[in-house]
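Text of model06.cif (mmCIF, C-alpha atoms and all ligand atoms) as supplied:
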```cif
data_data
#
loop_
_atom_site.label_atom_id
_atom_site.label_comp_id
_atom_site.auth_asym_id
_atom_site.auth_seq_id
_atom_site.Cartn_x
_atom_site.Cartn_y
_atom_site.Cartn_z
CA MET A 1 15.07 -22.80 9.19
CA SER A 2 15.38 -19.34 10.68
CA VAL A 3 17.87 -18.32 13.33
CA LYS A 4 16.21 -15.69 15.52
CA ASP A 5 18.10 -13.08 17.51
CA GLU A 6 16.76 -13.45 21.05
CA SER A 7 18.02 -10.00 22.04
CA LEU A 8 15.29 -8.42 19.90
CA ASP A 9 11.88 -7.51 21.24
CA GLN A 10 8.93 -9.16 19.50
CA PRO A 11 8.17 -6.45 16.89
CA HIS A 12 11.85 -6.21 15.91
CA ALA A 13 12.14 -10.00 15.81
CA VAL A 14 9.07 -10.20 13.55
CA ALA A 15 10.44 -7.44 11.33
CA ALA A 16 13.76 -9.29 11.06
CA GLU A 17 12.03 -12.53 10.17
CA LEU A 18 9.87 -10.80 7.56
CA ALA A 19 13.03 -9.26 6.09
CA ARG A 20 14.51 -12.75 5.80
CA LEU A 21 11.32 -14.10 4.20
CA TYR A 22 10.68 -11.21 1.81
CA PRO A 23 14.00 -9.42 1.23
CA ASP A 24 12.87 -7.87 -2.04
CA ALA A 25 9.33 -6.87 -1.11
CA SER A 26 8.23 -3.78 -2.99
CA CYS A 27 5.23 -1.98 -4.36
CA ALA A 28 3.36 -4.31 -6.74
CA LEU A 29 1.86 -1.47 -8.78
CA VAL A 30 3.81 -1.01 -12.02
CA HIS A 31 4.90 2.62 -12.43
CA LYS A 32 7.72 4.73 -13.79
CA ASN A 33 7.26 7.99 -11.90
CA PRO A 34 5.30 9.54 -9.00
CA TYR A 35 2.38 10.53 -11.27
CA GLU A 36 1.94 6.97 -12.51
CA LEU A 37 2.17 5.60 -8.97
CA LEU A 38 -0.45 8.08 -7.81
CA VAL A 39 -2.83 7.09 -10.61
CA ALA A 40 -2.26 3.37 -10.02
CA THR A 41 -2.72 3.70 -6.26
CA ILE A 42 -6.01 5.53 -6.66
CA LEU A 43 -7.17 2.83 -9.06
CA SER A 44 -6.19 0.08 -6.60
CA ALA A 45 -9.14 0.84 -4.31
CA GLN A 46 -11.56 -2.09 -4.30
CA THR A 47 -9.50 -4.18 -6.68
CA THR A 48 -6.13 -5.92 -6.80
CA ASP A 49 -2.77 -4.51 -7.82
CA GLU A 50 -2.57 -7.20 -10.50
CA ARG A 51 -5.79 -6.02 -12.10
CA VAL A 52 -4.67 -2.40 -11.96
CA ASN A 53 -1.48 -3.42 -13.78
CA THR A 54 -3.58 -4.75 -16.66
CA VAL A 55 -5.14 -1.36 -17.44
CA THR A 56 -2.40 1.13 -16.63
CA PRO A 57 -0.16 0.47 -19.69
CA GLU A 58 -2.84 1.84 -22.04
CA LEU A 59 -3.82 4.56 -19.58
CA PHE A 60 -0.25 5.83 -19.18
CA GLU A 61 0.44 5.60 -22.91
CA LYS A 62 -2.59 7.73 -23.76
CA TYR A 63 -2.38 10.07 -20.79
CA PRO A 64 1.28 10.22 -19.75
CA THR A 65 1.10 13.51 -17.83
CA PRO A 66 -1.27 15.20 -15.37
CA LEU A 67 -2.15 17.76 -18.07
CA ALA A 68 -3.07 15.04 -20.57
CA MET A 69 -5.24 13.31 -17.96
CA ALA A 70 -6.80 16.63 -16.91
CA GLN A 71 -7.78 17.42 -20.51
CA ALA A 72 -8.85 13.89 -21.50
CA ASP A 73 -12.28 12.81 -22.61
CA VAL A 74 -13.46 11.33 -19.33
CA GLU A 75 -15.42 8.68 -21.21
CA ASP A 76 -12.20 7.44 -22.75
CA ILE A 77 -10.61 7.14 -19.30
CA ALA A 78 -13.71 5.20 -18.23
CA ARG A 79 -13.35 2.88 -21.21
CA ILE A 80 -9.77 2.07 -20.29
CA VAL A 81 -10.41 1.45 -16.58
CA ARG A 82 -13.68 -0.41 -17.19
CA PRO A 83 -12.20 -3.87 -16.39
CA LEU A 84 -11.75 -2.68 -12.79
CA GLY A 85 -15.43 -1.81 -12.36
CA PHE A 86 -16.88 1.50 -11.10
CA GLN A 87 -15.40 3.03 -14.24
CA ASN A 88 -17.49 6.19 -14.20
CA ARG A 89 -16.51 7.02 -10.64
CA ARG A 90 -12.89 6.04 -11.17
CA SER A 91 -12.50 8.07 -14.35
CA LYS A 92 -13.96 11.23 -12.80
CA GLN A 93 -11.78 10.76 -9.72
CA LEU A 94 -8.62 10.42 -11.81
CA GLN A 95 -9.44 13.47 -13.87
CA LYS A 96 -10.19 15.61 -10.82
CA MET A 97 -6.94 14.50 -9.20
CA ALA A 98 -5.02 15.36 -12.37
CA GLN A 99 -6.71 18.76 -12.56
CA GLY A 100 -5.66 19.34 -8.96
CA LEU A 101 -2.06 18.50 -9.82
CA VAL A 102 -2.09 20.92 -12.74
CA GLU A 103 -3.82 23.75 -10.92
CA LYS A 104 -2.19 23.54 -7.49
CA PHE A 105 1.16 21.89 -8.04
CA ASP A 106 2.28 22.84 -11.55
CA SER A 107 1.77 19.22 -12.67
CA GLN A 108 4.28 17.92 -10.11
CA VAL A 109 3.24 15.31 -7.57
CA PRO A 110 3.94 16.80 -4.13
CA SER A 111 5.81 14.77 -1.51
CA GLY A 112 4.13 16.08 1.64
CA ARG A 113 1.16 14.34 3.21
CA ALA A 114 -0.98 17.45 3.58
CA ASP A 115 -0.39 18.45 -0.04
CA LEU A 116 -1.13 14.95 -1.27
CA GLU A 117 -4.28 14.73 0.83
CA SER A 118 -5.47 18.02 -0.63
CA LEU A 119 -5.87 16.28 -4.00
CA PRO A 120 -9.29 14.82 -4.85
CA GLY A 121 -9.41 11.08 -4.20
CA VAL A 122 -6.22 11.00 -2.12
CA GLY A 123 -6.49 9.89 1.50
CA ARG A 124 -3.85 9.07 4.08
CA LYS A 125 -3.24 5.54 2.78
CA THR A 126 -2.66 6.70 -0.79
CA ALA A 127 -0.52 9.59 0.43
CA HIS A 128 1.66 7.17 2.37
CA VAL A 129 2.12 4.90 -0.64
CA ILE A 130 3.39 7.88 -2.62
CA MET A 131 5.58 9.25 0.17
CA GLY A 132 7.19 5.90 0.89
CA ASN A 133 7.58 4.55 -2.63
CA ALA A 134 8.03 7.62 -4.82
CA PHE A 135 9.93 9.89 -2.43
CA GLY A 136 11.60 7.62 0.13
CA ILE A 137 9.83 9.27 3.06
CA PRO A 138 9.11 6.62 5.71
CA ALA A 139 5.40 5.85 5.81
CA ILE A 140 3.24 2.98 7.04
CA THR A 141 0.48 1.90 4.70
CA VAL A 142 -2.39 0.31 6.62
CA ASP A 143 -4.38 -1.76 4.17
CA THR A 144 -6.52 -4.76 5.05
CA HIS A 145 -3.50 -7.08 5.28
CA VAL A 146 -1.38 -4.76 7.41
CA GLY A 147 -4.28 -4.09 9.78
CA ARG A 148 -5.07 -7.78 10.17
CA LEU A 149 -1.47 -8.83 10.74
CA ALA A 150 -0.73 -6.01 13.18
CA LYS A 151 -3.66 -7.22 15.29
CA ARG A 152 -2.77 -10.89 15.09
CA LEU A 153 0.85 -10.14 15.96
CA GLY A 154 -0.32 -8.27 19.05
CA TRP A 155 0.99 -4.89 17.97
CA THR A 156 -2.33 -3.09 18.18
CA THR A 157 -5.93 -3.29 19.24
CA GLY A 158 -6.71 -0.17 17.24
CA GLY A 159 -10.05 0.05 15.55
CA THR A 160 -9.03 2.49 12.83
CA PRO A 161 -6.21 2.53 10.28
CA LEU A 162 -4.81 5.64 11.97
CA ALA A 163 -4.72 3.99 15.41
CA ILE A 164 -3.08 0.89 13.92
CA GLU A 165 -0.54 3.02 12.08
CA LYS A 166 0.38 4.88 15.26
CA ASP A 167 0.87 1.64 17.20
CA ILE A 168 3.14 0.20 14.48
CA ALA A 169 5.07 3.47 14.40
CA LYS A 170 5.65 3.24 18.15
CA ALA A 171 6.88 -0.36 17.90
CA LEU A 172 9.32 -0.05 15.01
CA PRO A 173 11.79 2.54 13.71
CA ASP A 174 10.81 4.77 10.83
CA GLU A 175 13.44 3.39 8.46
CA ASP A 176 11.49 0.09 8.53
CA TRP A 177 8.03 1.52 7.91
CA THR A 178 7.73 1.50 4.13
CA ILE A 179 9.25 -1.90 3.42
CA LEU A 180 7.62 -3.43 6.49
CA SER A 181 4.26 -2.52 4.99
CA HIS A 182 5.15 -4.40 1.80
CA ARG A 183 6.41 -7.39 3.75
CA LEU A 184 3.28 -7.58 5.91
CA ILE A 185 1.16 -7.38 2.76
CA GLU A 186 3.11 -10.25 1.16
CA HIS A 187 2.76 -12.35 4.31
CA GLY A 188 -0.94 -11.57 4.51
CA ARG A 189 -1.48 -12.54 0.90
CA GLY A 190 0.58 -15.71 1.04
CA VAL A 191 0.28 -17.15 4.56
CA CYS A 192 -1.72 -15.14 7.10
CA HIS A 193 -4.96 -15.13 5.16
CA SER A 194 -8.06 -13.44 6.46
CA GLN A 195 -9.80 -16.82 6.68
CA ASN A 196 -7.80 -19.89 7.66
CA PRO A 197 -4.34 -18.46 8.26
CA GLU A 198 -1.66 -21.09 7.66
CA CYS A 199 -0.16 -20.96 11.15
CA ALA A 200 1.28 -24.46 10.84
CA ASN A 201 3.38 -23.28 7.89
CA CYS A 202 4.13 -19.79 9.22
CA ALA A 203 7.70 -18.80 10.01
CA LEU A 204 6.36 -16.25 12.50
CA ALA A 205 4.40 -18.80 14.52
CA ASP A 206 6.74 -18.89 17.52
CA LEU A 207 6.63 -15.07 17.67
CA CYS A 208 2.91 -14.70 17.14
CA PRO A 209 0.38 -14.61 20.00
CA SER A 210 -2.39 -15.63 17.60
CA ALA A 211 -0.68 -18.74 16.25
CA GLU A 212 -2.89 -21.78 16.20
CA VAL A 213 -0.44 -24.63 15.97
CA ASP A 214 -1.20 -28.10 17.35
S1 LIG A 301 1.17 -17.58 13.19
FE1 LIG A 301 -0.81 -17.59 12.16
S2 LIG A 301 -1.88 -15.74 12.86
FE2 LIG A 301 0.32 -15.50 13.35
S3 LIG A 301 1.22 -14.42 11.58
FE3 LIG A 301 1.46 -16.61 11.19
S4 LIG A 301 -0.33 -17.23 9.98
FE4 LIG A 301 -0.78 -15.23 10.94
#
```

Conversion result in structure tokens:
Amino acid sequence: MSVKDESLDQPHAVAAELARLYPDASCALVHKNPYELLVATILSAQTTDERVNTVTPELFEKYPTPLAMAQADVEDIARIVRPLGFQNRRSKQLQKMAQGLVEKFDSQVPSGRADLESLPGVGRKTAHVIMGNAFGIPAITVDTHVGRLAKRLGWTTGGTPLAIEKDIAKALPDEDWTILSHRLIEHGRGVCHSQNPECANCALADLCPSAEVD
């Protein structure tokens, strides 16, 4: 049973409860360095982190650096990422991103959002994953789970990931942003499902305006 601090406002109380529930939440994409995290994050579009983790060991072994990926036979990249689907598009995207790293950033993954977003295939969500998890720069990652939970918890009515991100940023301090994203994702995967959220078993139910508990 949780003991909630009643001096906290609702977002802080939710964040505290999520911290109790998921103290060790972290990025589920297996990686050893910023380059590997960038590759894995790009691959995670339209698939699951678990599936990405099944193909990246071979990919990173064969192409361990941006230069190796930039110079690879794109058909071999496609062969490796084929289990994820869309392998032709994914392989070209990875190679263009790697070429961008080599040409613009001397094969080093940049830490700034604008630099990251200048790379082919890298949008704000991917940039924030890299900033938060590879460089320790606070960043909110609004994926489908984070967006859904932020709405159900009453933190936002935003219709875009950017609007949702800004509302979360207003509600909670920046030192919480990166790990809060992981904790919301874990709660979304395990309890607050898109269909049939398990409100009756949810530790956030008495804090949540969307709780449906008899
Ligand atoms: S109470 Fe229900 S809607 Fe609210 S966070 Fe929990 S599972 Fe989701």

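Where the distance criterion is 9 Å and the atoms used are all atoms listed in the file, the residues close to ligand LIG 301 (chain A) are Arg148, Leu149, Ala150, Arg152, Leu153, His187, Gly188, Val191, Cys192, His193, Ser194, Asn196, Pro197, Glu198, Cys199, Ala200, Asn201, Cys202, Ala203, Leu204, Ala205, Asp206, Leu207, Cys208, Pro209, Ser210, Ala211, Glu212 and Val213 of chain A.
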
Write a file of the selected residues as a PDB file, in the coordinates of the input, keeping C-alpha atoms.
```pdb
ATOM      1  CA  ARG A 148      -5.070  -7.780  10.170  1.00  0.00           C
ATOM      2  CA  LEU A 149      -1.470  -8.830  10.740  1.00  0.00           C
ATOM      3  CA  ALA A 150      -0.730  -6.010  13.180  1.00  0.00           C
ATOM      4  CA  ARG A 152      -2.770 -10.890  15.090  1.00  0.00           C
ATOM      5  CA  LEU A 153       0.850 -10.140  15.960  1.00  0.00           C
ATOM      6  CA  HIS A 187       2.760 -12.350   4.310  1.00  0.00           C
ATOM      7  CA  GLY A 188      -0.940 -11.570   4.510  1.00  0.00           C
ATOM      8  CA  VAL A 191       0.280 -17.150   4.560  1.00  0.00           C
ATOM      9  CA  CYS A 192      -1.720 -15.140   7.100  1.00  0.00           C
ATOM     10  CA  HIS A 193      -4.960 -15.130   5.160  1.00  0.00           C
ATOM     11  CA  SER A 194      -8.060 -13.440   6.460  1.00  0.00           C
ATOM     12  CA  ASN A 196      -7.800 -19.890   7.660  1.00  0.00           C
ATOM     13  CA  PRO A 197      -4.340 -18.460   8.260  1.00  0.00           C
ATOM     14  CA  GLU A 198      -1.660 -21.090   7.660  1.00  0.00           C
ATOM     15  CA  CYS A 199      -0.160 -20.960  11.150  1.00  0.00           C
ATOM     16  CA  ALA A 200       1.280 -24.460  10.840  1.00  0.00           C
ATOM     17  CA  ASN A 201       3.380 -23.280   7.890  1.00  0.00           C
ATOM     18  CA  CYS A 202       4.130 -19.790   9.220  1.00  0.00           C
ATOM     19  CA  ALA A 203       7.700 -18.800  10.010  1.00  0.00           C
ATOM     20  CA  LEU A 204       6.360 -16.250  12.500  1.00  0.00           C
ATOM     21  CA  ALA A 205       4.400 -18.800  14.520  1.00  0.00           C
ATOM     22  CA  ASP A 206       6.740 -18.890  17.520  1.00  0.00           C
ATOM     23  CA  LEU A 207       6.630 -15.070  17.670  1.00  0.00           C
ATOM     24  CA  CYS A 208       2.910 -14.700  17.140  1.00  0.00           C
ATOM     25  CA  PRO A 209       0.380 -14.610  20.000  1.00  0.00           C
ATOM     26  CA  SER A 210      -2.390 -15.630  17.600  1.00  0.00           C
ATOM     27  CA  ALA A 211      -0.680 -18.740  16.250  1.00  0.00           C
ATOM     28  CA  GLU A 212      -2.890 -21.780  16.200  1.00  0.00           C
ATOM     29  CA  VAL A 213      -0.440 -24.630  15.970  1.00  0.00           C
TER      30      VAL A 213
END
```

Exercise. Quote the spacing between atom CA of Gly159 of chain A and atom CA of Gly136 of chain A in Å to one decimal place.
Key: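 Answer for the atom CA of Gly159 of chain A to atom CA of Gly136 of chain A separation: 27.6 Å.
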
Practice problem: Find the distance between atom CA of Thr47 of chain A and atom CA of Met97 of chain A and write it in Å to one decimal. | Solution: 19.0 Å

Quiz item: In terms of the shortest atom-to-atom distance over all atoms listed in the file, which of A:Ile179, A:Ala139, A:Leu184, A:Ala45 is closest to Gly85 of chain A?
Solution: A:Ala45

Quiz item: atom CA of Lys170 of chain A to atom CA of Gly123 of chain A: how many Å, to one decimal?
Solution: 21.7 Å

Quiz item: Between A:Thr160, A:Ser7, A:Asn133, A:Gln108, which has the minimum distance to Val30 of chain A (counting only C-alpha atoms)?
Solution: A:Asn133

Exercise. Please identify all polymer residues within 8 Å of Pro161 of chain A, counting all atoms listed in the file, omitting same-chain residues fewer than 4 positions from it, and present them as number ranges by chain.
Key: A: 142-143, 147, 165

Contact residues around Ser44 of chain A with all atoms listed in the file at 10 Å, ignoring same-chain residues under 4 positions, as a PDB file with C-alpha atoms, in the frame of the given file:
```pdb
ATOM      1  CA  LEU A  29       1.860  -1.470  -8.780  1.00  0.00           C
ATOM      2  CA  LEU A  38      -0.450   8.080  -7.810  1.00  0.00           C
ATOM      3  CA  VAL A  39      -2.830   7.090 -10.610  1.00  0.00           C
ATOM      4  CA  ALA A  40      -2.260   3.370 -10.020  1.00  0.00           C
ATOM      5  CA  THR A  48      -6.130  -5.920  -6.800  1.00  0.00           C
ATOM      6  CA  ASP A  49      -2.770  -4.510  -7.820  1.00  0.00           C
ATOM      7  CA  GLU A  50      -2.570  -7.200 -10.500  1.00  0.00           C
ATOM      8  CA  ARG A  51      -5.790  -6.020 -12.100  1.00  0.00           C
ATOM      9  CA  VAL A  52      -4.670  -2.400 -11.960  1.00  0.00           C
ATOM     10  CA  ASN A  53      -1.480  -3.420 -13.780  1.00  0.00           C
ATOM     11  CA  LEU A  84     -11.750  -2.680 -12.790  1.00  0.00           C
ATOM     12  CA  THR A 126      -2.660   6.700  -0.790  1.00  0.00           C
TER      13      THR A 126
END
```

What are the centre and edge lengths in Å, to one decimal, of the axis-aligned box around all listed atoms of segment 140-148 of chain A with 8 Å added on each side, as lines of an AutoDock Vina configuration file?
```
center_x = -1.6
center_y = -2.4
center_z = 7.2
size_x = 25.8
size_y = 26.8
size_z = 22.0
```

Practice problem: Could you check which of A:Arg79, A:Phe105, A:Asp24, A:Lys151 is closest to Ile164 of chain A, using all atoms listed in the file? | Solution: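 Looking only at the distances to Ile164 of chain A, the closest residue turns out to be A:Lys151.
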
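Ranking A:Ala25, A:Val109, A:Val122, A:Ala70 by their shortest atom-to-atom distance to Leu180 of chain A, with only C-alpha atoms included, puts A:Ala25 first.
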
Quiz item: When distances are computed from all atoms listed in the file, which of A:Thr157, A:Gln195, A:Thr178, A:Ser111 shows the smallest separation from Gly132 of chain A?
Solution: A:Thr178

Quiz item: Counting only C-alpha atoms, which of A:Val14, A:Ala134, A:Val55, A:Ala127 gets nearest to Gly154 of chain A?
Solution: A:Val14
